[in-house]
>>> print(open('run31.csv').read())   # CSV, C-alpha atoms
chain,number,residue,atom,x,y,z
A,1,MET,CA,-78.1,17.8,-47.8
A,2,ASN,CA,-78.7,21.2,-46.1
A,3,ILE,CA,-75.9,23.6,-47.0
A,4,CYS,CA,-75.4,27.0,-45.5
A,5,VAL,CA,-73.1,29.5,-47.3
A,6,ILE,CA,-71.5,32.1,-45.1
A,7,VAL,CA,-70.1,35.2,-46.8
A,8,PRO,CA,-68.6,38.4,-45.2
A,9,GLU,CA,-70.6,40.8,-47.3
A,10,ASN,CA,-74.0,40.7,-48.9
A,11,ASN,CA,-74.4,41.0,-52.7
A,12,LEU,CA,-71.0,42.6,-53.5
A,13,TYR,CA,-71.1,43.5,-57.2
A,14,SER,CA,-67.6,42.2,-57.8
A,15,GLU,CA,-68.1,38.8,-56.1
A,16,THR,CA,-70.0,37.1,-58.8
A,17,PHE,CA,-68.3,33.8,-57.8
A,18,VAL,CA,-69.9,34.0,-54.4
A,19,ARG,CA,-73.3,34.8,-55.8
A,20,ALA,CA,-72.9,31.8,-58.1
A,21,HIS,CA,-72.3,29.5,-55.1
A,22,ILE,CA,-75.4,30.8,-53.3
A,23,GLU,CA,-77.6,30.4,-56.4
A,24,ARG,CA,-76.2,27.2,-57.9
A,25,LEU,CA,-75.4,25.0,-54.9
A,26,PRO,CA,-78.2,23.3,-53.1
A,27,ALA,CA,-77.9,25.9,-50.3
A,28,LYS,CA,-80.7,26.1,-47.8
A,29,ALA,CA,-79.6,29.6,-46.8
A,30,TYR,CA,-76.8,32.0,-46.6
A,31,LEU,CA,-75.6,34.2,-43.8
A,32,TYR,CA,-73.5,37.4,-44.0
A,33,GLY,CA,-72.3,40.4,-42.0
A,34,GLY,CA,-68.6,40.0,-41.4
A,35,TYR,CA,-66.2,37.1,-41.0
A,36,PHE,CA,-68.5,35.8,-38.3
A,37,PRO,CA,-72.0,36.2,-39.7
A,38,SER,CA,-74.5,38.6,-38.2
A,39,TYR,CA,-77.5,38.4,-40.5
A,40,PHE,CA,-79.7,35.9,-42.4
A,41,SER,CA,-80.1,36.3,-46.1
A,42,ASN,CA,-83.5,38.1,-45.4
A,43,GLY,CA,-81.7,40.8,-43.4
A,44,GLN,CA,-82.9,39.5,-40.0
A,45,PRO,CA,-80.2,39.6,-37.4
A,46,LEU,CA,-78.8,36.2,-36.2
A,47,LEU,CA,-78.8,37.6,-32.7
A,48,PRO,CA,-81.7,40.0,-32.1
A,49,ARG,CA,-80.5,43.3,-30.6
A,50,PRO,CA,-81.8,43.8,-27.1
A,51,GLY,CA,-84.3,46.6,-26.7
A,52,PHE,CA,-84.1,49.2,-23.9
A,53,PRO,CA,-85.5,47.0,-21.1
A,54,GLU,CA,-83.2,44.1,-22.1
A,55,ARG,CA,-80.1,46.4,-22.2
A,56,VAL,CA,-81.0,47.7,-18.7
A,57,ARG,CA,-81.5,44.2,-17.3
A,58,ARG,CA,-78.1,43.1,-18.7
A,59,SER,CA,-76.4,46.2,-17.3
A,60,LEU,CA,-77.9,45.6,-13.9
A,61,LEU,CA,-77.0,41.9,-13.9
A,62,SER,CA,-73.5,42.7,-15.0
A,63,ARG,CA,-73.0,45.2,-12.2
A,64,LEU,CA,-74.7,43.2,-9.4
A,65,PHE,CA,-73.2,39.8,-10.2
A,66,LYS,CA,-70.0,40.8,-12.1
A,67,PHE,CA,-71.4,38.8,-15.0
A,68,ASP,CA,-70.2,39.8,-18.4
A,69,PHE,CA,-72.6,39.3,-21.4
A,70,ASP,CA,-70.1,38.3,-24.0
A,71,GLU,CA,-71.6,39.3,-27.4
A,72,GLN,CA,-69.3,36.9,-29.2
A,73,LYS,CA,-70.4,33.9,-27.1
A,74,LEU,CA,-74.0,34.9,-27.6
A,75,GLN,CA,-73.5,35.0,-31.4
A,76,GLN,CA,-71.8,31.7,-31.4
A,77,GLN,CA,-74.6,30.1,-29.4
A,78,ALA,CA,-77.2,31.7,-31.8
A,79,LEU,CA,-75.3,30.2,-34.8
A,80,LEU,CA,-75.1,26.8,-33.1
A,81,GLU,CA,-78.8,26.8,-32.5
A,82,TYR,CA,-79.5,27.8,-36.1
A,83,PHE,CA,-77.3,24.9,-37.4
A,84,ARG,CA,-79.1,22.5,-35.1
A,85,ASN,CA,-82.7,23.8,-35.6
A,86,ASP,CA,-82.4,24.0,-39.4
A,87,ARG,CA,-80.5,20.7,-39.6
A,88,ILE,CA,-77.5,22.2,-41.5
A,89,ASP,CA,-75.2,19.5,-42.7
A,90,ALA,CA,-72.4,21.5,-44.2
A,91,VAL,CA,-71.1,25.1,-44.3
A,92,LEU,CA,-69.3,26.7,-47.3
A,93,ALA,CA,-67.3,29.5,-45.8
A,94,GLU,CA,-66.3,32.0,-48.4
A,95,PHE,CA,-62.8,33.2,-47.6
A,96,GLY,CA,-60.3,31.9,-45.1
A,97,PRO,CA,-61.0,34.3,-42.3
A,98,THR,CA,-64.7,33.3,-42.4
A,99,GLY,CA,-63.8,29.7,-42.0
A,100,SER,CA,-61.5,30.4,-39.2
A,101,LYS,CA,-64.2,32.3,-37.3
A,102,VAL,CA,-67.0,29.7,-37.7
A,103,MET,CA,-64.9,26.5,-37.3
A,104,GLU,CA,-65.6,26.1,-33.6
A,105,VAL,CA,-69.3,26.4,-34.0
A,106,CYS,CA,-69.3,24.0,-37.0
A,107,ARG,CA,-67.3,21.5,-34.9
A,108,ALA,CA,-69.7,21.9,-31.9
A,109,ALA,CA,-72.7,21.3,-34.2
A,110,ASN,CA,-71.1,18.4,-36.0
A,111,VAL,CA,-71.4,20.3,-39.3
A,112,ALA,CA,-68.9,19.7,-42.1
A,113,LEU,CA,-66.9,22.8,-42.9
A,114,VAL,CA,-65.6,23.6,-46.4
A,115,VAL,CA,-63.4,26.7,-46.7
A,116,HIS,CA,-63.0,28.5,-50.0
A,117,PHE,CA,-60.0,30.7,-50.3
A,118,HIS,CA,-60.1,33.4,-53.0
A,119,GLY,CA,-56.7,35.1,-53.0
A,120,PHE,CA,-55.8,37.8,-50.5
A,121,ASP,CA,-56.9,35.4,-47.7
A,122,ALA,CA,-54.2,33.0,-48.7
A,123,TYR,CA,-51.2,35.3,-49.4
A,124,ASP,CA,-51.7,38.8,-47.9
A,125,ALA,CA,-49.1,39.3,-45.1
A,126,GLU,CA,-51.4,41.3,-42.8
A,127,THR,CA,-54.3,38.8,-43.2
A,128,LEU,CA,-52.0,35.9,-42.5
A,129,LYS,CA,-50.6,37.7,-39.5
A,130,GLU,CA,-54.0,38.5,-38.1
A,131,HIS,CA,-55.5,35.0,-38.8
A,132,GLY,CA,-52.4,32.8,-38.8
A,133,GLU,CA,-53.0,31.0,-35.5
A,134,ARG,CA,-56.7,30.4,-36.3
A,135,TYR,CA,-55.7,29.2,-39.8
A,136,ARG,CA,-53.4,26.6,-38.3
A,137,ARG,CA,-56.3,25.2,-36.2
A,138,MET,CA,-58.6,25.4,-39.1
A,139,PHE,CA,-56.3,23.4,-41.4
A,140,GLN,CA,-56.4,20.6,-38.7
A,141,THR,CA,-60.2,20.6,-38.2
A,142,ALA,CA,-62.0,21.7,-41.4
A,143,ASP,CA,-63.3,19.0,-43.7
A,144,GLU,CA,-62.3,20.4,-47.1
A,145,PHE,CA,-60.6,23.4,-48.8
A,146,VAL,CA,-60.9,25.0,-52.2
>>> encode(input="run31.csv", output="structure tokens")
Amino acid sequence: MNICVIVPENNLYSETFVRAHIERLPAKAYLYGGYFPSYFSNGQPLLPRPGFPERVRRSLLSRLFKFDFDEQKLQQQALLEYFRNDRIDAVLAEFGPTGSKVMEVCRAANVALVVHFHGFDAYDAETLKEHGERYRRMFQTADEFV
């Protein structure tokens, strides 16, 4: 089974439990860089940043055709392609907000989603207010919760 662990931060000293999951589970890889991941474990960006000519091309296309390059959609597509190309079977999302941000891509890729809550993400009023609606959908669609 190919498991991908998704964590908000890379190698936080205080998160030994997260490091243990990465090291001890049969994880193929881990991704990090916010609740929606931006980087592979080797530091390479999930979505390569456009260079100068690419930025100019996007800007011109946006202005000429009123087309908006939605960074979030591009990131979601890159994650979906990664799941498919690397044959990821399951995602362990560390923290509730992470699970809520990747649930749609997991569903689109037919990848099992396991969400591991650790504390603040289950009781902090501001966190619940910010992610509440997404949490409701996540509790209906994720495969397992810890």
>>> residues_around(input="run31.csv", residues="Phe17 (chain A)", least_positions_apart="6", cutoff="12 Å", atoms="all atoms listed in the file", output="count of residues only")
10
>>> residues_around(input="run31.csv", residues="Met1 (chain A)", least_positions_apart="6", cutoff="9 Å", atoms="all atoms listed in the file", output="ChimeraX atom specification")
/A:26-28,88-90
>>> closest_residue(input="run31.csv", among="A:Gly43, A:Met103, A:Asn110, A:Asp86", to="Gln140 (chain A)", atoms="all atoms listed in the file")
A:Met103
>>> atom_distance(input="run31.csv", atom1="CA of Lys129 (chain A)", atom2="CA of Leu12 (chain A)")
25.2 Å
>>> closest_residue(input="run31.csv", among="A:Leu128, A:Leu31, A:Ala112, A:Leu74", to="Ala142 (chain A)", atoms="all atoms listed in the file")
A:Ala112
>>> residues_around(input="run31.csv", residues="Glu104 (chain A)", least_positions_apart="3", cutoff="12 Å", atoms="only C-alpha atoms", output="list in words")
Phe36, Lys73, Gln76, Gln77, Leu79, Leu80, Thr98, Gly99, Ser100, Lys101, Arg107, Ala108, Ala109, Asn110, Val111, Ala112, Leu113, Arg134, Arg137, Met138, Gln140, Thr141 and Ala142 of chain A
>>> closest_residue(input="run31.csv", among="A:Arg136, A:Val105, A:Tyr35, A:Pro97", to="Phe120 (chain A)", atoms="only C-alpha atoms")
A:Pro97
